[in-house]
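A quick write-up on the structure given underneath.
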Protein chains: 2
Amino acid sequence: MGQKTNLNLVDECDNFPYYSDNPEAFEKRLQGYYHFLLEGCEECLGYVTSSVAVQLPITQHWHRDDSKKRLIFQPRDGSGAPVQQLEKRNKILAEYLQDVREKKIFRVLDGWRAELYPIYGPNKELLLSMERSATPLFGVVTYGVHMTGYVMTDEGMKIWAPRRALTKQTYPGMMDNTVAGGMSAGEKPFECLVRECEEEASLPAQLVRSAAQACGTLTYFHVRDARAGGEVGLCQPEVQYIYDLQMPQDVIPQPGDDEAIDFQLLTVQGIQQAMADGRFKPNCAHLLLEFFVRHGILTADNEPDYIEIVSRLHRKLEFPTA
Amino acid sequence: MGQKTNLNLVDECDNFPYYSDNPEAFEKRLQGYYHFLLEGCEECLGYVTSSVAVQLPITQHWHRDDSKKRLIFQPRDGSGAPVQQLEKRNKILAEYLQDVREKKIFRVLDGWRAELYPIYGPNKELLLSMERSATPLFGVVTYGVHMTGYVMTDEGMKIWAPRRALTKQTYPGMMDNTVAGGMSAGEKPFECLVRECEEEASLPAQLVRSAAQACGTLTYFHVRDARAGGEVGLCQPEVQYIYDLQMPQDVIPQPGDDEAIDFQLLTVQGIQQAMADGRFKPNCAHLLLEFFVRHGILTADNEPDYIEIVSRLHRKLEFPTA
C-alpha cells in the first residue's frame, strides 16, 4: 500500500467535483442526479443518484419529474391538501421512510438509527427532520461536531485518537478523531459536543465546558464508497463544527459506549504516519489536516499543496445550511 | 452610516459571484471578461474586464480573440519566433507594461510600484513575473502575508491595529492588520513576513522568527471599487498567508516606514466596533473574522452566518496558484 499525500487524503474526503475545475465535466456529472426539493421551496436540498430516485416508491406525497430530474416531497393531508406544518411534514416523512425500510429497498436503511437529522432552508429555517440513515439517499447536508483532544508533553504535542469498534456500521476498525458525533435536529453544536465527549470518551462535562474552544467549521462534499457501508456513490455534503481541547496529562479518555475499542495517545508524527497509511476514517483525516494547518504544523514551507488543501477543508456547499 | 454585519464585511471583500449561488447569473457575468492566457498554457490565469482588454495595445506579443474573449500573451523574439525562457518573457512583459504606463491608458498604472509579482501555472511553476500595479488589469492571483499581533492582558485579548497613511494610493486612512504586505516573485511567505514586520512595525526579526505561527491561508476573489484607486471593477483574486503573533506587553509596534500613521492597541470589542463601522480595509476585516473564528470569539452560538463566513474566508480560486 502506497503512502497517501495530504492532498490524496483531501481528495478522499472532499471527492465531489468542483465546477471551476472542469465546468463541462461538472455539469455532465450533475445530470446523473435528481434534485431533491420540498414543495414550496425553490432551493435544491440535496442530490439523489438516479438509481436511488427511480427505486424510491412514488406515493401521493412525492412527485418525480424525470425530464427535469427533480424529486419533490409534497406532503398531503387526508383530503389531499398540502401540509404546511413542520411536525406533520416530519411525521409523513418518517412514516414513508419506515415503509421504505421495511420494503428493504436500500441497504443504507439497514443501519437505521432512530435519530432525526435537520434539513434547513434558504433562510436557515428548519424545513424537515429526516431519519439519520436516510440522509445519504437524499444527499442532504448533515451536521456534526469533531474535537481534537491534545496534550502538551515534554516530547511535544500528542493527540488522543480512538479506534472505531469493529461492530460499527461505518468504517469499522478505522482511527477516528478524539470525539466526533452527529448533531440531531434541535441540538446546538456545543451541547452536542459536551454530550458526545461524555458518551464516547468519558470526558467530564466541566472540563469540556471550561476548556473546549470553537475553531470554525470543516465543510466538504463526500461521495460514499464501500467503507461507509450500504449503496456506493451516495452524496454526503457535511458541516462539522470544530473544537480543540487542550487536555491535562492526567485526564485519560475512556470509551463510554460501544463506539471505540480504545484511545491511543500519539505524537504528531505518529498521527501523520497513520494518516499516510490510510488508517484514519476519511473525514477524520480531513479534520486533522485542518488542525495541523491551524497549529502551524502544516505550513507553506512543508506542504506543496497548502493553498488548495486549506480551501478544500472549507468548501462552500451549494445547498442551504444551518 | 449603518452598522455592517460580519456577512456584510465578507461580501465586501469576497465579492465576485459564486457559480453555485446562481449558475446562469454567474455565466452571464463571466461573459463580461476576457480570459488572460499565456501561449502554450491551457489554463486561464485571470479575468480581464472587456473595457481593459479592448484598450490594451495589441503588439506582436499579444493576441486578442474577441469571439472567444481570450487575451493571449505570446512573447516573440526578434525573428518572430516564440520565446520559451522565463527571463525573456518577463523582460518583454516589463517593457510592454512600461510602454502602456507611459501612454497613460490606465489609472492603476499611475501607482507603479517597480515590484514584480509572480504568476503561477497549473503545476505550480512560475510562468511570469508582472509589475505589481498591473496585476488587477489582468485579474491574476496575487499573494501576501497578513499577521495579527495580539497581547493577552488582565482585561483580556487586545489586538494591535495600525491606521494606513493618508498618502497611501489604496485605502488611505483606513485601519489595517498589524502587519500585512505583498509577496514579490521569488519571496517565501515566512521571509516576507519577517521583512514586513521589521519594515512596517519595527518588530524585531528574532521575536517574529521565534513566536509567529502560521495558521493557514485566507483566499477570496475581490472586485475593486473606488477605494482601491484606479479603474473600478478590476478582478483581484488573492491568497494571504496568515500568521498570529502573541506579543509580550512591552513590545510596542512603531511605524518603520511611511505605510502607517500609528498603531493602536484595541480590545476585541473595539476592533469589532471599528469593523462594523466600516473603518477597516476590506481584506483586513476579512482576516480579522478568520482570526476571531479560529480563536473561538466568533462561534456558531453568536454568529448566525457562521458556516457561510468560514467557507468564504477560504474560497477555492479558479486559477492556478503557488
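By order of appearance in the C-alpha cells: chains A, B, ..., then residues from 1 within every chain, and ligands from 1 in the order shown.
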- Message: Residues near A:Ser202, anyone? I mean within 9 Å using only C-alpha atoms, not counting same-chain ones fewer than 6 positions away, as a PyMOL selection string.
- Response: chain A and resi 196+252-257
- Message: Please extract the residues of stretch 255-319 of chain B with a backbone DSSP assignment of strand (DSSP E or B) and present them as number ranges by chain.
- Response: B: 260-267, 280, 314
Compile a residue-level contact table for chain B against chain A at a cut-off of 8 Å, reporting for every qualifying residue the shortest atom pair and its distance in Å to one decimal, with only C-alpha atoms counted, rows ordered by chain and ascending number, as a tab-separated table.
```
residue	atom	partner	partner_atom	distance
B:Tyr19	CA	A:Tyr19	CA	7.5
B:Ser20	CA	A:Glu318	CA	5.4
B:Asp21	CA	A:Glu318	CA	7.0
B:Pro189	CA	A:Ala300	CA	7.3
B:Gln213	CA	A:Gly296	CA	5.7
B:Ala214	CA	A:Gly296	CA	4.7
B:Cys215	CA	A:Arg294	CA	4.3
B:Gly216	CA	A:Val293	CA	5.5
B:Thr217	CA	A:Val310	CA	6.6
B:Thr219	CA	A:Ser311	CA	7.5
B:Val239	CA	A:Ile307	CA	7.8
B:Val293	CA	A:Gly216	CA	5.5
B:Arg294	CA	A:Cys215	CA	4.3
B:His295	CA	A:Cys215	CA	6.1
B:Gly296	CA	A:Ala214	CA	4.7
B:Thr299	CA	A:Ala214	CA	6.4
B:Ala300	CA	A:Pro189	CA	7.3
B:Tyr306	CA	A:Gly216	CA	8.0
B:Ile307	CA	A:Thr217	CA	6.6
B:Glu308	CA	A:Lys316	CA	7.1
B:Val310	CA	A:Thr217	CA	6.5
B:Ser311	CA	A:His314	CA	4.8
B:Arg312	CA	A:Lys316	CA	6.9
B:His314	CA	A:Ser311	CA	4.8
B:Arg315	CA	A:Ser311	CA	5.7
B:Lys316	CA	A:Ser311	CA	5.2
B:Glu318	CA	A:Ser20	CA	5.4
B:Thr321	CA	A:Ile307	CA	7.4
B:Ala322	CA	A:Ile307	CA	7.5
```
Written file, previous selection with N, CA and C atoms, as a PDB file, in the first residue's frame:
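Written out: selection.pdb:
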```pdb
ATOM      1  N   TYR B  19     -20.498  30.442  -8.722  1.00  0.00           N
ATOM      2  CA  TYR B  19     -21.303  29.663  -9.659  1.00  0.00           C
ATOM      3  C   TYR B  19     -22.513  29.042  -8.967  1.00  0.00           C
ATOM      4  N   SER B  20     -22.286  28.438  -7.806  1.00  0.00           N
ATOM      5  CA  SER B  20     -23.355  27.659  -7.176  1.00  0.00           C
ATOM      6  C   SER B  20     -24.504  28.537  -6.669  1.00  0.00           C
ATOM      7  N   ASP B  21     -24.247  29.825  -6.432  1.00  0.00           N
ATOM      8  CA  ASP B  21     -25.336  30.684  -5.959  1.00  0.00           C
ATOM      9  C   ASP B  21     -26.364  30.938  -7.052  1.00  0.00           C
ATOM     10  N   PRO B 189       6.855  32.941   1.947  1.00  0.00           N
ATOM     11  CA  PRO B 189       5.917  33.602   2.852  1.00  0.00           C
ATOM     12  C   PRO B 189       6.543  34.036   4.179  1.00  0.00           C
ATOM     13  N   GLN B 213       3.281  32.315  14.288  1.00  0.00           N
ATOM     14  CA  GLN B 213       2.809  30.984  13.925  1.00  0.00           C
ATOM     15  C   GLN B 213       1.950  31.019  12.673  1.00  0.00           C
ATOM     16  N   ALA B 214       2.300  30.161  11.718  1.00  0.00           N
ATOM     17  CA  ALA B 214       1.485  30.023  10.503  1.00  0.00           C
ATOM     18  C   ALA B 214       0.153  29.397  10.874  1.00  0.00           C
ATOM     19  N   CYS B 215      -0.942  29.928  10.333  1.00  0.00           N
ATOM     20  CA  CYS B 215      -2.286  29.452  10.700  1.00  0.00           C
ATOM     21  C   CYS B 215      -3.161  29.152   9.494  1.00  0.00           C
ATOM     22  N   GLY B 216      -2.590  29.152   8.294  1.00  0.00           N
ATOM     23  CA  GLY B 216      -3.409  28.833   7.131  1.00  0.00           C
ATOM     24  C   GLY B 216      -3.343  29.908   6.074  1.00  0.00           C
ATOM     25  N   THR B 217      -4.345  29.914   5.228  1.00  0.00           N
ATOM     26  CA  THR B 217      -4.430  30.933   4.189  1.00  0.00           C
ATOM     27  C   THR B 217      -5.839  31.506   4.188  1.00  0.00           C
ATOM     28  N   THR B 219      -8.316  33.129   1.431  1.00  0.00           N
ATOM     29  CA  THR B 219      -8.431  33.264  -0.022  1.00  0.00           C
ATOM     30  C   THR B 219      -9.789  33.861  -0.351  1.00  0.00           C
ATOM     31  N   VAL B 239      -4.482  35.405  -2.344  1.00  0.00           N
ATOM     32  CA  VAL B 239      -4.109  34.408  -1.338  1.00  0.00           C
ATOM     33  C   VAL B 239      -3.283  35.135  -0.281  1.00  0.00           C
ATOM     34  N   VAL B 293     -12.772  33.597  14.331  1.00  0.00           N
ATOM     35  CA  VAL B 293     -13.288  32.229  14.225  1.00  0.00           C
ATOM     36  C   VAL B 293     -12.294  31.261  14.861  1.00  0.00           C
ATOM     37  N   ARG B 294     -11.047  31.408  14.514  1.00  0.00           N
ATOM     38  CA  ARG B 294     -10.018  30.473  14.953  1.00  0.00           C
ATOM     39  C   ARG B 294      -9.807  30.533  16.465  1.00  0.00           C
ATOM     40  N   HIS B 295     -10.009  31.732  17.035  1.00  0.00           N
ATOM     41  CA  HIS B 295      -9.802  31.898  18.477  1.00  0.00           C
ATOM     42  C   HIS B 295     -11.085  31.741  19.290  1.00  0.00           C
ATOM     43  N   GLY B 296     -12.138  31.257  18.655  1.00  0.00           N
ATOM     44  CA  GLY B 296     -13.363  30.986  19.416  1.00  0.00           C
ATOM     45  C   GLY B 296     -14.091  32.244  19.860  1.00  0.00           C
ATOM     46  N   THR B 299     -18.494  32.360  17.089  1.00  0.00           N
ATOM     47  CA  THR B 299     -18.875  30.940  17.180  1.00  0.00           C
ATOM     48  C   THR B 299     -20.254  30.732  16.568  1.00  0.00           C
ATOM     49  N   ALA B 300     -20.628  29.465  16.460  1.00  0.00           N
ATOM     50  CA  ALA B 300     -21.958  29.134  15.948  1.00  0.00           C
ATOM     51  C   ALA B 300     -23.042  29.723  16.847  1.00  0.00           C
ATOM     52  N   TYR B 306     -22.298  31.868  10.486  1.00  0.00           N
ATOM     53  CA  TYR B 306     -21.012  31.211  10.767  1.00  0.00           C
ATOM     54  C   TYR B 306     -20.540  30.295   9.638  1.00  0.00           C
ATOM     55  N   ILE B 307     -21.401  29.392   9.203  1.00  0.00           N
ATOM     56  CA  ILE B 307     -20.985  28.397   8.200  1.00  0.00           C
ATOM     57  C   ILE B 307     -20.592  29.079   6.902  1.00  0.00           C
ATOM     58  N   GLU B 308     -21.413  30.005   6.438  1.00  0.00           N
ATOM     59  CA  GLU B 308     -21.092  30.693   5.185  1.00  0.00           C
ATOM     60  C   GLU B 308     -19.818  31.512   5.330  1.00  0.00           C
ATOM     61  N   VAL B 310     -17.208  31.097   7.324  1.00  0.00           N
ATOM     62  CA  VAL B 310     -15.974  30.299   7.373  1.00  0.00           C
ATOM     63  C   VAL B 310     -15.595  29.800   5.978  1.00  0.00           C
ATOM     64  N   SER B 311     -16.575  29.358   5.204  1.00  0.00           N
ATOM     65  CA  SER B 311     -16.254  28.907   3.840  1.00  0.00           C
ATOM     66  C   SER B 311     -15.695  30.050   3.002  1.00  0.00           C
ATOM     67  N   ARG B 312     -16.309  31.207   3.127  1.00  0.00           N
ATOM     68  CA  ARG B 312     -15.909  32.297   2.232  1.00  0.00           C
ATOM     69  C   ARG B 312     -14.587  32.948   2.623  1.00  0.00           C
ATOM     70  N   HIS B 314     -12.132  31.137   2.851  1.00  0.00           N
ATOM     71  CA  HIS B 314     -11.193  30.163   2.286  1.00  0.00           C
ATOM     72  C   HIS B 314     -11.637  29.755   0.884  1.00  0.00           C
ATOM     73  N   ARG B 315     -12.006  30.719   0.079  1.00  0.00           N
ATOM     74  CA  ARG B 315     -12.537  30.434  -1.257  1.00  0.00           C
ATOM     75  C   ARG B 315     -11.544  29.624  -2.089  1.00  0.00           C
ATOM     76  N   LYS B 316     -12.081  28.671  -2.830  1.00  0.00           N
ATOM     77  CA  LYS B 316     -11.247  27.942  -3.790  1.00  0.00           C
ATOM     78  C   LYS B 316     -11.211  28.754  -5.068  1.00  0.00           C
ATOM     79  N   GLU B 318     -10.408  29.850  -8.948  1.00  0.00           N
ATOM     80  CA  GLU B 318     -10.483  29.082 -10.193  1.00  0.00           C
ATOM     81  C   GLU B 318      -9.242  29.233 -11.074  1.00  0.00           C
ATOM     82  N   THR B 321      -2.526  28.339  -8.606  1.00  0.00           N
ATOM     83  CA  THR B 321      -1.885  29.088  -7.518  1.00  0.00           C
ATOM     84  C   THR B 321      -0.501  28.502  -7.204  1.00  0.00           C
ATOM     85  N   ALA B 322       0.191  29.182  -6.318  1.00  0.00           N
ATOM     86  CA  ALA B 322       1.567  28.797  -5.935  1.00  0.00           C
ATOM     87  C   ALA B 322       1.585  27.410  -5.303  1.00  0.00           C
TER      88      ALA B 322
END
```
- Which residue gives the smallest distance to A:Tyr34 among A:Gly111, A:Gly139, A:Pro82, A:Gly173, with only C-alpha atoms counted?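 Using only C-alpha atoms, the shortest distance to A:Tyr34 belongs to A:Gly139.
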- Item | Non-local contacts of A:Ile72 (8 Å; only C-alpha atoms; under 2 positions in same chain excluded) as a count of residues only | 9
